[in-house]
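Student: start25.cif is the file, holding mmCIF, C-alpha atoms:
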data_run
loop_
_atom_site.group_PDB
_atom_site.id
_atom_site.type_symbol
_atom_site.label_atom_id
_atom_site.label_comp_id
_atom_site.auth_asym_id
_atom_site.auth_seq_id
_atom_site.Cartn_x
_atom_site.Cartn_y
_atom_site.Cartn_z
ATOM 1 C CA MET W 1 17.662 -6.652 35.558
ATOM 2 C CA THR W 2 20.888 -6.807 33.561
ATOM 3 C CA SER W 3 21.694 -3.628 31.663
ATOM 4 C CA ILE W 4 21.730 -3.730 27.872
ATOM 5 C CA THR W 5 25.385 -2.706 28.107
ATOM 6 C CA ASP W 6 26.219 -5.755 30.201
ATOM 7 C CA ARG W 7 24.192 -8.003 27.897
ATOM 8 C CA LEU W 8 26.083 -6.721 24.855
ATOM 9 C CA ALA W 9 29.398 -7.189 26.630
ATOM 10 C CA THR W 10 28.811 -10.960 26.814
ATOM 11 C CA GLY W 11 29.618 -11.101 23.109
ATOM 12 C CA LYS W 12 26.678 -13.424 22.442
ATOM 13 C CA LEU W 13 24.265 -12.785 19.589
ATOM 14 C CA LEU W 14 21.416 -10.499 20.587
ATOM 15 C CA LEU W 15 18.021 -10.720 18.902
ATOM 16 C CA LEU W 16 15.989 -7.640 17.988
ATOM 17 C CA ASP W 17 12.378 -7.589 16.883
ATOM 18 C CA GLY W 18 11.183 -7.282 13.283
ATOM 19 C CA GLY W 19 9.213 -4.579 11.532
ATOM 20 C CA VAL W 20 6.801 -2.833 13.878
ATOM 21 C CA SER W 21 4.880 -0.520 11.546
ATOM 22 C CA THR W 22 4.464 -3.127 8.811
ATOM 23 C CA GLU W 23 3.348 -5.734 11.317
ATOM 24 C CA ILE W 24 0.739 -3.301 12.622
ATOM 25 C CA GLN W 25 -0.456 -2.933 9.029
ATOM 26 C CA LYS W 26 -0.685 -6.729 8.741
ATOM 27 C CA ARG W 27 -3.202 -6.618 11.571
ATOM 28 C CA GLY W 28 -5.526 -4.553 9.421
ATOM 29 C CA VAL W 29 -4.579 -1.095 10.660
ATOM 30 C CA ALA W 30 -4.347 1.609 7.996
ATOM 31 C CA LEU W 31 -1.138 3.624 8.108
ATOM 32 C CA ASP W 32 -1.231 7.390 7.630
ATOM 33 C CA GLY W 33 -0.103 8.871 4.335
ATOM 34 C CA ASN W 34 1.961 11.520 6.080
ATOM 35 C CA VAL W 35 3.130 10.223 9.468
ATOM 36 C CA TRP W 36 2.861 6.509 8.635
ATOM 37 C CA SER W 37 2.559 4.575 11.918
ATOM 38 C CA GLY W 38 2.684 7.718 14.057
ATOM 39 C CA LEU W 39 -1.002 7.645 15.001
ATOM 40 C CA THR W 40 -1.443 3.939 15.637
ATOM 41 C CA THR W 41 -0.434 4.255 19.283
ATOM 42 C CA LYS W 42 -3.340 6.660 19.749
ATOM 43 C CA ASN W 43 -5.919 4.969 17.551
ATOM 44 C CA ASN W 44 -4.998 1.288 17.762
ATOM 45 C CA PRO W 45 -3.139 0.680 21.036
ATOM 46 C CA GLU W 46 -4.217 -2.941 21.385
ATOM 47 C CA GLU W 47 -2.780 -3.833 17.985
ATOM 48 C CA VAL W 48 0.485 -2.064 18.810
ATOM 49 C CA ARG W 49 0.779 -3.926 22.096
ATOM 50 C CA SER W 50 -0.079 -7.187 20.342
ATOM 51 C CA VAL W 51 2.786 -6.715 17.896
ATOM 52 C CA HIS W 52 5.264 -6.242 20.741
ATOM 53 C CA GLU W 53 3.941 -9.316 22.525
ATOM 54 C CA ALA W 54 4.242 -11.400 19.367
ATOM 55 C CA TYR W 55 7.886 -10.444 18.977
ATOM 56 C CA ILE W 56 8.661 -11.209 22.602
ATOM 57 C CA ARG W 57 7.063 -14.640 22.278
ATOM 58 C CA ALA W 58 9.055 -15.207 19.091
ATOM 59 C CA GLY W 59 12.281 -14.633 21.023
ATOM 60 C CA SER W 60 13.130 -10.934 20.702
ATOM 61 C CA GLU W 61 15.383 -9.659 23.450
ATOM 62 C CA VAL W 62 14.985 -6.030 22.342
ATOM 63 C CA ILE W 63 11.636 -4.652 21.231
ATOM 64 C CA THR W 64 11.256 -1.239 19.608
ATOM 65 C CA ALA W 65 8.621 1.203 20.808
ATOM 66 C CA ASN W 66 6.346 2.613 18.105
ATOM 67 C CA THR W 67 8.074 6.015 18.051
ATOM 68 C CA TYR W 68 9.639 5.896 14.592
ATOM 69 C CA SER W 69 7.490 8.781 13.310
ATOM 70 C CA THR W 70 6.345 10.591 16.442
ATOM 71 C CA ALA W 71 8.800 13.486 16.599
ATOM 72 C CA ARG W 72 6.979 16.782 17.088
ATOM 73 C CA HIS W 73 7.969 18.320 13.748
ATOM 74 C CA VAL W 74 6.616 15.278 11.899
ATOM 75 C CA LEU W 75 3.308 15.303 13.776
ATOM 76 C CA GLU W 76 2.953 19.016 13.148
ATOM 77 C CA SER W 77 2.386 18.200 9.481
ATOM 78 C CA ILE W 78 -1.044 16.872 10.474
ATOM 79 C CA MET W 79 -1.643 19.504 13.159
ATOM 80 C CA LEU W 80 -0.893 17.134 16.042
ATOM 81 C CA GLY W 81 2.472 18.413 17.230
ATOM 82 C CA HIS W 82 0.926 19.158 20.622
ATOM 83 C CA GLU W 83 0.413 15.403 21.113
ATOM 84 C CA ALA W 84 4.056 14.480 20.557
ATOM 85 C CA LYS W 85 4.970 13.977 24.200
ATOM 86 C CA MET W 86 1.857 11.925 24.858
ATOM 87 C CA LEU W 87 2.340 9.678 21.841
ATOM 88 C CA ASN W 88 5.992 8.994 22.629
ATOM 89 C CA PHE W 89 5.268 8.297 26.273
ATOM 90 C CA LYS W 90 2.292 6.066 25.521
ATOM 91 C CA SER W 91 4.223 4.147 22.867
ATOM 92 C CA VAL W 92 6.855 3.216 25.434
ATOM 93 C CA LEU W 93 4.135 2.355 27.944
ATOM 94 C CA LEU W 94 2.582 -0.104 25.478
ATOM 95 C CA ALA W 95 5.966 -1.760 24.968
ATOM 96 C CA ARG W 96 6.450 -2.021 28.714
ATOM 97 C CA GLU W 97 2.984 -3.510 29.143
ATOM 98 C CA ALA W 98 3.776 -6.057 26.433
ATOM 99 C CA ARG W 99 6.966 -6.990 28.243
ATOM 100 C CA ASP W 100 5.082 -7.444 31.499
ATOM 101 C CA ARG W 101 2.532 -9.682 29.796
ATOM 102 C CA ALA W 102 4.704 -11.805 27.541
ATOM 103 C CA ALA W 103 8.335 -11.888 28.691
ATOM 104 C CA ARG W 104 9.751 -14.902 30.456
ATOM 105 C CA ASP W 105 13.358 -13.810 30.083
ATOM 106 C CA GLU W 106 14.960 -10.376 30.090
ATOM 107 C CA VAL W 107 13.670 -8.008 27.426
ATOM 108 C CA TRP W 108 14.957 -4.492 26.795
ATOM 109 C CA ILE W 109 12.961 -1.650 25.244
ATOM 110 C CA ALA W 110 14.408 0.609 22.566
ATOM 111 C CA GLY W 111 13.019 3.968 21.624
ATOM 112 C CA SER W 112 13.149 4.645 17.894
ATOM 113 C CA MET W 113 14.266 8.028 16.593
ATOM 114 C CA SER W 114 14.252 8.274 12.813
ATOM 115 C CA SER W 115 15.176 10.674 10.070
ATOM 116 C CA MET W 116 11.711 10.337 8.499
ATOM 117 C CA PRO W 117 10.334 13.678 7.326
ATOM 118 C CA PRO W 118 6.626 14.346 6.897
ATOM 119 C CA LEU W 119 5.974 12.236 3.819
ATOM 120 C CA THR W 120 4.079 14.918 1.919
ATOM 121 C CA GLN W 121 7.024 17.320 1.997
ATOM 122 C CA ASN W 122 8.729 15.904 -1.099
ATOM 123 C CA HIS W 123 10.848 13.611 1.046
ATOM 124 C CA ARG W 124 13.089 16.459 2.120
ATOM 125 C CA SER W 125 14.777 15.896 5.464
ATOM 126 C CA VAL W 126 14.044 18.563 8.022
ATOM 127 C CA ILE W 127 17.238 20.344 9.025
ATOM 128 C CA ASP W 128 16.648 23.445 11.144
ATOM 129 C CA LYS W 129 16.610 24.631 14.755
ATOM 130 C CA HIS W 130 13.025 23.504 15.223
ATOM 131 C CA ALA W 131 13.899 19.987 14.137
ATOM 132 C CA GLU W 132 16.846 19.977 16.544
ATOM 133 C CA ALA W 133 14.525 20.952 19.401
ATOM 134 C CA SER W 134 12.012 18.352 18.272
ATOM 135 C CA TYR W 135 14.562 15.543 18.366
ATOM 136 C CA ARG W 136 15.912 16.672 21.735
ATOM 137 C CA GLU W 137 12.389 16.653 23.123
ATOM 138 C CA GLN W 138 11.705 13.188 21.745
ATOM 139 C CA ALA W 139 14.924 11.763 23.175
ATOM 140 C CA GLU W 140 14.204 13.234 26.603
ATOM 141 C CA VAL W 141 10.630 11.941 26.637
ATOM 142 C CA LEU W 142 11.767 8.450 25.634
ATOM 143 C CA VAL W 143 14.175 8.358 28.557
ATOM 144 C CA GLU W 144 11.536 9.699 30.939
ATOM 145 C CA ALA W 145 9.134 7.010 29.737
ATOM 146 C CA GLY W 146 11.655 4.299 30.588
ATOM 147 C CA VAL W 147 13.438 3.040 27.457
ATOM 148 C CA ASP W 148 16.657 1.117 27.978
ATOM 149 C CA LEU W 149 18.305 2.432 24.824
ATOM 150 C CA ILE W 150 17.627 4.553 21.755
ATOM 151 C CA ILE W 151 18.055 3.322 18.188
ATOM 152 C CA CYS W 152 18.641 6.040 15.592
ATOM 153 C CA GLU W 153 17.015 4.537 12.520
ATOM 154 C CA MET W 154 17.429 5.204 8.803
ATOM 155 C CA MET W 155 20.367 7.541 9.096
ATOM 156 C CA ARG W 156 20.552 8.692 5.493
ATOM 157 C CA ASP W 157 21.125 12.438 5.108
ATOM 158 C CA PHE W 158 24.340 13.733 6.666
ATOM 159 C CA GLU W 159 23.008 16.832 8.392
ATOM 160 C CA ASN W 160 19.745 15.370 9.609
ATOM 161 C CA ALA W 161 21.430 12.210 10.869
ATOM 162 C CA GLU W 162 23.879 14.250 12.910
ATOM 163 C CA ILE W 163 21.002 16.084 14.604
ATOM 164 C CA VAL W 164 19.257 12.823 15.508
ATOM 165 C CA ILE W 165 22.373 11.081 16.791
ATOM 166 C CA LYS W 166 23.504 14.038 18.903
ATOM 167 C CA ALA W 167 20.060 14.383 20.479
ATOM 168 C CA ALA W 168 20.047 10.702 21.405
ATOM 169 C CA LEU W 169 23.612 10.725 22.742
ATOM 170 C CA ALA W 170 22.878 13.762 24.917
ATOM 171 C CA THR W 171 20.554 11.634 27.074
ATOM 172 C CA GLY W 172 23.439 9.533 28.360
ATOM 173 C CA ILE W 173 21.699 6.190 27.754
ATOM 174 C CA PRO W 174 22.993 3.610 25.245
ATOM 175 C CA VAL W 175 22.520 4.598 21.595
ATOM 176 C CA TRP W 176 22.637 2.320 18.566
ATOM 177 C CA VAL W 177 22.906 3.894 15.111
ATOM 178 C CA GLY W 178 21.297 2.294 12.066
ATOM 179 C CA TYR W 179 22.394 3.400 8.589
ATOM 180 C CA SER W 180 20.540 2.693 5.324
ATOM 181 C CA ALA W 181 22.352 2.042 2.062
ATOM 182 C CA ILE W 182 22.001 0.790 -1.493
ATOM 183 C CA VAL W 183 24.357 -0.883 -3.961
ATOM 184 C CA ASP W 184 24.447 0.796 -7.369
ATOM 185 C CA ARG W 185 23.722 -0.884 -10.683
ATOM 186 C CA SER W 186 27.310 -2.056 -11.040
ATOM 187 C CA GLY W 187 26.863 -4.174 -7.945
ATOM 188 C CA LYS W 188 30.033 -2.769 -6.417
ATOM 189 C CA ASP W 189 29.535 0.788 -5.194
ATOM 190 C CA VAL W 190 27.711 1.198 -1.875
ATOM 191 C CA ARG W 191 25.862 4.492 -1.724
ATOM 192 C CA GLY W 192 23.768 6.313 0.788
ATOM 193 C CA LEU W 193 20.021 6.832 0.484
ATOM 194 C CA SER W 194 18.962 10.413 0.933
ATOM 195 C CA TRP W 195 15.254 10.879 1.511
ATOM 196 C CA LEU W 196 14.976 13.164 -1.491
ATOM 197 C CA HIS W 197 16.528 10.596 -3.818
ATOM 198 C CA ALA W 198 15.350 7.439 -2.096
ATOM 199 C CA CYS W 199 14.097 5.864 -5.336
ATOM 200 C CA GLU W 200 17.004 6.894 -7.567
ATOM 201 C CA LEU W 201 19.626 4.203 -7.912
ATOM 202 C CA ASP W 202 22.126 6.611 -9.449
ATOM 203 C CA THR W 203 22.089 9.114 -6.600
ATOM 204 C CA ARG W 204 25.587 10.304 -5.690
ATOM 205 C CA HIS W 205 24.969 10.332 -1.957
ATOM 206 C CA ASP W 206 28.323 9.395 -0.402
ATOM 207 C CA PHE W 207 27.915 6.504 2.048
ATOM 208 C CA THR W 208 31.587 6.331 2.957
ATOM 209 C CA GLY W 209 31.673 10.072 3.557
ATOM 210 C CA MET W 210 28.644 9.836 5.786
ATOM 211 C CA LEU W 211 30.260 7.127 7.892
ATOM 212 C CA GLU W 212 33.478 9.144 8.137
ATOM 213 C CA ALA W 213 31.485 12.111 9.387
ATOM 214 C CA LEU W 214 29.091 10.351 11.749
ATOM 215 C CA THR W 215 30.773 7.311 13.320
ATOM 216 C CA PRO W 216 33.173 9.532 15.343
ATOM 217 C CA LEU W 217 30.125 10.902 17.166
ATOM 218 C CA GLY W 218 30.023 7.628 19.082
ATOM 219 C CA GLY W 219 27.316 5.259 20.204
ATOM 220 C CA GLN W 220 27.298 1.778 21.639
ATOM 221 C CA ALA W 221 26.623 -0.071 18.376
ATOM 222 C CA ALA W 222 26.216 0.724 14.698
ATOM 223 C CA GLY W 223 24.716 -1.200 11.841
ATOM 224 C CA ILE W 224 22.863 -1.455 8.554
ATOM 225 C CA MET W 225 19.067 -1.499 8.575
ATOM 226 C CA HIS W 226 16.074 -0.818 6.318
ATOM 227 C CA THR W 227 18.253 -1.929 3.431
ATOM 228 C CA ASN W 228 17.530 -4.501 0.716
ATOM 229 C CA LEU W 229 18.573 -8.014 1.684
ATOM 230 C CA ASN W 230 21.028 -8.286 -1.217
ATOM 231 C CA ASP W 231 22.736 -5.030 -0.267
ATOM 232 C CA MET W 232 23.338 -5.847 3.382
ATOM 233 C CA ASN W 233 26.713 -7.602 3.187
ATOM 234 C CA PRO W 234 28.373 -4.984 0.943
ATOM 235 C CA ALA W 235 27.089 -2.197 3.194
ATOM 236 C CA LEU W 236 28.182 -4.010 6.348
ATOM 237 C CA GLU W 237 31.656 -4.469 4.854
ATOM 238 C CA VAL W 238 31.976 -0.725 4.278
ATOM 239 C CA LEU W 239 30.657 -0.025 7.768
ATOM 240 C CA GLY W 240 33.316 -2.324 9.206
ATOM 241 C CA GLN W 241 36.009 -0.146 7.661
ATOM 242 C CA HIS W 242 34.835 2.785 9.785
ATOM 243 C CA TRP W 243 33.330 1.195 12.898
ATOM 244 C CA SER W 244 35.110 -1.212 15.258
ATOM 245 C CA GLY W 245 32.389 -1.586 17.893
ATOM 246 C CA PRO W 246 29.452 -4.015 18.038
ATOM 247 C CA LYS W 247 27.603 -4.269 14.732
ATOM 248 C CA MET W 248 23.915 -4.804 14.084
ATOM 249 C CA ALA W 249 21.930 -5.769 11.001
ATOM 250 C CA TYR W 250 18.231 -5.833 10.174
ATOM 251 C CA ALA W 251 17.056 -5.778 6.575
ATOM 252 C CA GLU W 252 13.813 -4.875 4.850
ATOM 253 C CA THR W 253 11.919 -7.185 2.517
ATOM 254 C CA GLY W 254 9.070 -6.210 0.236
ATOM 255 C CA GLU W 255 8.512 -2.619 -0.853
ATOM 256 C CA LEU W 256 6.781 0.598 0.141
ATOM 257 C CA ARG W 257 3.977 2.048 -1.949
ATOM 258 C CA PRO W 258 3.026 4.894 0.363
ATOM 259 C CA PRO W 259 1.447 4.547 2.750
ATOM 260 C CA ASP W 260 1.239 0.749 2.451
ATOM 261 C CA TRP W 261 3.930 -1.861 2.637
ATOM 262 C CA ILE W 262 3.641 -4.445 -0.133
ATOM 263 C CA PHE W 263 4.557 -7.970 0.954
ATOM 264 C CA ASP W 264 4.284 -9.713 -2.439
ATOM 265 C CA ASP W 265 8.051 -10.021 -2.861
ATOM 266 C CA ALA W 266 8.919 -10.410 0.826
ATOM 267 C CA VAL W 267 11.324 -13.290 1.426
ATOM 268 C CA SER W 268 10.442 -16.283 3.540
ATOM 269 C CA PRO W 269 11.830 -16.726 7.058
ATOM 270 C CA VAL W 270 14.106 -19.512 5.758
ATOM 271 C CA VAL W 271 15.673 -17.270 3.104
ATOM 272 C CA TYR W 272 16.016 -14.465 5.634
ATOM 273 C CA LEU W 273 17.762 -16.844 8.049
ATOM 274 C CA GLU W 274 20.433 -17.699 5.496
ATOM 275 C CA SER W 275 21.119 -14.032 4.849
ATOM 276 C CA ALA W 276 21.316 -13.311 8.571
ATOM 277 C CA ARG W 277 23.724 -16.203 9.009
ATOM 278 C CA SER W 278 26.056 -14.601 6.476
ATOM 279 C CA TRP W 279 25.954 -11.288 8.383
ATOM 280 C CA VAL W 280 27.098 -13.067 11.510
ATOM 281 C CA GLU W 281 29.697 -15.310 9.890
ATOM 282 C CA GLN W 282 31.138 -12.894 7.336
ATOM 283 C CA GLN W 283 30.649 -9.481 8.963
ATOM 284 C CA ASN W 284 30.860 -10.313 12.687
ATOM 285 C CA VAL W 285 27.406 -8.913 13.388
ATOM 286 C CA GLN W 286 26.294 -9.359 16.993
ATOM 287 C CA ILE W 287 22.819 -7.762 16.937
ATOM 288 C CA ILE W 288 20.322 -9.136 14.412
ATOM 289 C CA GLY W 289 16.647 -8.623 13.693
ATOM 290 C CA GLY W 290 14.310 -7.555 10.926
ATOM 291 C CA CYS W 291 12.970 -4.319 9.488
ATOM 292 C CA CYS W 292 9.949 -3.522 7.306
ATOM 293 C CA GLY W 293 8.300 -6.584 5.804
ATOM 294 C CA THR W 294 9.599 -9.026 8.406
ATOM 295 C CA GLY W 295 7.423 -10.384 11.181
ATOM 296 C CA PRO W 296 7.466 -12.634 14.243
ATOM 297 C CA GLU W 297 7.926 -15.706 12.059
ATOM 298 C CA HIS W 298 11.239 -14.303 10.794
ATOM 299 C CA ILE W 299 12.394 -13.611 14.332
ATOM 300 C CA ARG W 300 11.304 -17.035 15.556
ATOM 301 C CA ILE W 301 13.427 -18.863 13.001
ATOM 302 C CA LEU W 302 16.426 -16.681 13.880
ATOM 303 C CA LYS W 303 15.928 -17.624 17.516
ATOM 304 C CA GLU W 304 15.626 -21.315 16.758
ATOM 305 C CA HIS W 305 18.513 -21.685 14.333
ATOM 306 C CA LEU W 306 20.990 -18.857 14.855
ATOM 307 C CA VAL W 307 20.864 -17.135 18.241
#
Can the structure from this file be put into structure tokens for me?
Tutor:
Amino acid sequence: MTSITDRLATGKLLLLDGGVSTEIQKRGVALDGNVWSGLTTKNNPEEVRSVHEAYIRAGSEVITANTYSTARHVLESIMLGHEAKMLNFKSVLLAREARDRAARDEVWIAGSMSSMPPLTQNHRSVIDKHAEASYREQAEVLVEAGVDLIICEMMRDFENAEIVIKAALATGIPVWVGYSAIVDRSGKDVRGLSWLHACELDTRHDFTGMLEALTPLGGQAAGIMHTNLNDMNPALEVLGQHWSGPKMAYAETGELRPPDWIFDDAVSPVVYLESARSWVEQQNVQIIGGCCGTGPEHIRILKEHLV
């Protein structure tokens, strides 16, 4: 099998999957109010595997294991920290099983490591020695389970993001870093989204400063993800001023009303395609996909008309 590094080096567009947690919800699975999709691997493995298979059949070349919210310190908030290794390992196993069942071409598996704190803790990112150990453990388990790369998702708070990225990089496998951003009310200033101020448009979180601090850490690719569709191009432009390597982009559509994702305002696959086309043509993005609110139908149209 070709390595993900060699695949990226071809320079051709590479297609990710879409939202995993929100697609699991679409299948009728209730998400947890504290650890969101963290328990679905344990309680609803068939639905998780089905989501991966659907994305592979839609054309995804990289699928993301359901490990977004399975770090030990997050699971400890519901007294299940002792199951962290099992849940991470099994999540990768389900992705591998889906690949075996559905893939006709090469498909790579990414492990997700996110900045998500336990959602009942006032959205404060966890920044302490225990969190560092938790992220290191998760990264090591993901590699042991057989992922081809790690994607650091929703890098938002400086200190927490640094912990996540360093833990992933320490494994030695390819790491892609996904930043989240928002454009302020003026429509000009791109700002970061701290967890604590995630719903405040006037937060002074410094996106440029975060990129200046974190992009030197390295990684194989960097991009903008879990960001409103209309904010993607401005954020990607700022990213391009600080990152010269391969760029990725996958936006959210719809909105979160914890613990549910609301799809009422989610854009159609056709509208999403046009936005994705602009990322490629205007921002030189090589890796594209979808985040929360997108599904296999969004990925399929990207495959048919863009990749």
Student: Give the answer as one residue: which of W:Glu297, W:Glu97, W:Glu252, W:Glu162 has the shortest atom-to-atom distance to Tyr55 (chain W), using all atoms listed in the file?
Tutor: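 For Tyr55 (chain W), the nearest of the candidates is W:Glu297.
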Student: In terms of the shortest atom-to-atom distance over all atoms listed in the file, which of W:Ile224, W:Val183, W:Ile163, W:Leu256 is closest to Trp243 (chain W)?
Tutor: W:Ile224
Student: Under the rule that all atoms listed in the file are counted, which of W:Leu229, W:Ala139, W:Val126, W:Leu13 is the nearest residue to His73 (chain W)?
Tutor: W:Val126
Student: For the PyMOL selection byres ((chain W and resi 307) around 10), applied here, can you spell out every residue it catches as a PDB file with C-alpha atoms, in the frame of the given file?
Tutor:
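And here's selection06.pdb as it stands now:
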ATOM      1  CA  LYS W  12      26.678 -13.424  22.442  1.00  0.00           C
ATOM      2  CA  LEU W  13      24.265 -12.785  19.589  1.00  0.00           C
ATOM      3  CA  LEU W  14      21.416 -10.499  20.587  1.00  0.00           C
ATOM      4  CA  LEU W  15      18.021 -10.720  18.902  1.00  0.00           C
ATOM      5  CA  GLY W  59      12.281 -14.633  21.023  1.00  0.00           C
ATOM      6  CA  ARG W 277      23.724 -16.203   9.009  1.00  0.00           C
ATOM      7  CA  GLN W 286      26.294  -9.359  16.993  1.00  0.00           C
ATOM      8  CA  ILE W 287      22.819  -7.762  16.937  1.00  0.00           C
ATOM      9  CA  ILE W 288      20.322  -9.136  14.412  1.00  0.00           C
ATOM     10  CA  ILE W 299      12.394 -13.611  14.332  1.00  0.00           C
ATOM     11  CA  ARG W 300      11.304 -17.035  15.556  1.00  0.00           C
ATOM     12  CA  ILE W 301      13.427 -18.863  13.001  1.00  0.00           C
ATOM     13  CA  LEU W 302      16.426 -16.681  13.880  1.00  0.00           C
ATOM     14  CA  LYS W 303      15.928 -17.624  17.516  1.00  0.00           C
ATOM     15  CA  GLU W 304      15.626 -21.315  16.758  1.00  0.00           C
ATOM     16  CA  HIS W 305      18.513 -21.685  14.333  1.00  0.00           C
ATOM     17  CA  LEU W 306      20.990 -18.857  14.855  1.00  0.00           C
TER      18      LEU W 306
END
Student: Extract, using all atoms listed in the file, all DNA, RNA and protein residues at most 6 Å from Gly219 (chain W), discarding same-chain residues fewer than 2 positions from it, and format them as a ChimeraX atom specification.
Tutor: /W:175-176,221
Student: Which one of W:Met79, W:Leu31, W:Val267, W:Val147 sits closest to Gly111 (chain W) if you count all atoms listed in the file?
Tutor: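 Ranked by minimum distance to Gly111 (chain W), first place goes to W:Val147.
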Student: Give me the region 128-147 of chain W side of the contact with region 104-109 of chain W, cut-off 12 Å, one line per residue showing its nearest atom pair and distance in Å at one decimal, counting only C-alpha atoms, sorted by chain and residue number, as CSV.
Tutor:
residue,atom,partner,partner_atom,distance
W:Leu142,CA,W:Ile109,CA,10.2
W:Val143,CA,W:Ile109,CA,10.6
W:Ala145,CA,W:Ile109,CA,10.5
W:Gly146,CA,W:Ile109,CA,8.1
W:Val147,CA,W:Ile109,CA,5.2
Student: Suppose a student applies the PyMOL selection byres ((chain W and resi 38-41) around 9) to this structure; what residues should they get, written as a PyMOL selection string?
Tutor: chain W and resi 21+24+29-32+34-37+42-49+66-71+74-75+87-88+90-91+94
Student: Give me, as a compact mmCIF listing (two decimals) with C-alpha atoms, keeping the file's coordinate frame, all polymer residues having an atom no more than 9 Å from Cys292 (chain W), counting only C-alpha atoms and skipping those fewer than 6 positions away in the same chain.
Tutor:
# COMPACT_ATOMS: atom_id res chain seq x y z
CA GLY W 18 11.18 -7.28 13.28
CA GLY W 19 9.21 -4.58 11.53
CA VAL W 20 6.80 -2.83 13.88
CA SER W 21 4.88 -0.52 11.55
CA THR W 22 4.46 -3.13 8.81
CA GLU W 23 3.35 -5.73 11.32
CA HIS W 226 16.07 -0.82 6.32
CA ALA W 251 17.06 -5.78 6.58
CA GLU W 252 13.81 -4.88 4.85
CA THR W 253 11.92 -7.18 2.52
CA GLY W 254 9.07 -6.21 0.24
CA GLU W 255 8.51 -2.62 -0.85
CA LEU W 256 6.78 0.60 0.14
CA TRP W 261 3.93 -1.86 2.64
Student: What is the CA of Arg99 (chain W) to CA of Ile63 (chain W) distance in Å?
Tutor: 8.7 Å
Student: Quick check on the file I pasted: which residues fall under the PyMOL selection byres ((chain W and resi 116) around 9)? Write them as a count of residues only.
Tutor: 17
Student: Could you check the closest approach to Ala181 (chain W) for each of W:Thr294, W:Thr64, W:Asn230, W:Thr215 and tell me which residue wins, using all atoms listed in the file?
Tutor: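 Among the listed residues, W:Asn230 lies closest to Ala181 (chain W).
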Student: Which value, in Å to one decimal, gives the distance between CA of Leu217 (chain W) and CA of Lys166 (chain W)?
Tutor: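 Computing the Euclidean distance for CA of Leu217 (chain W) and CA of Lys166 (chain W) yields 7.5 Å.
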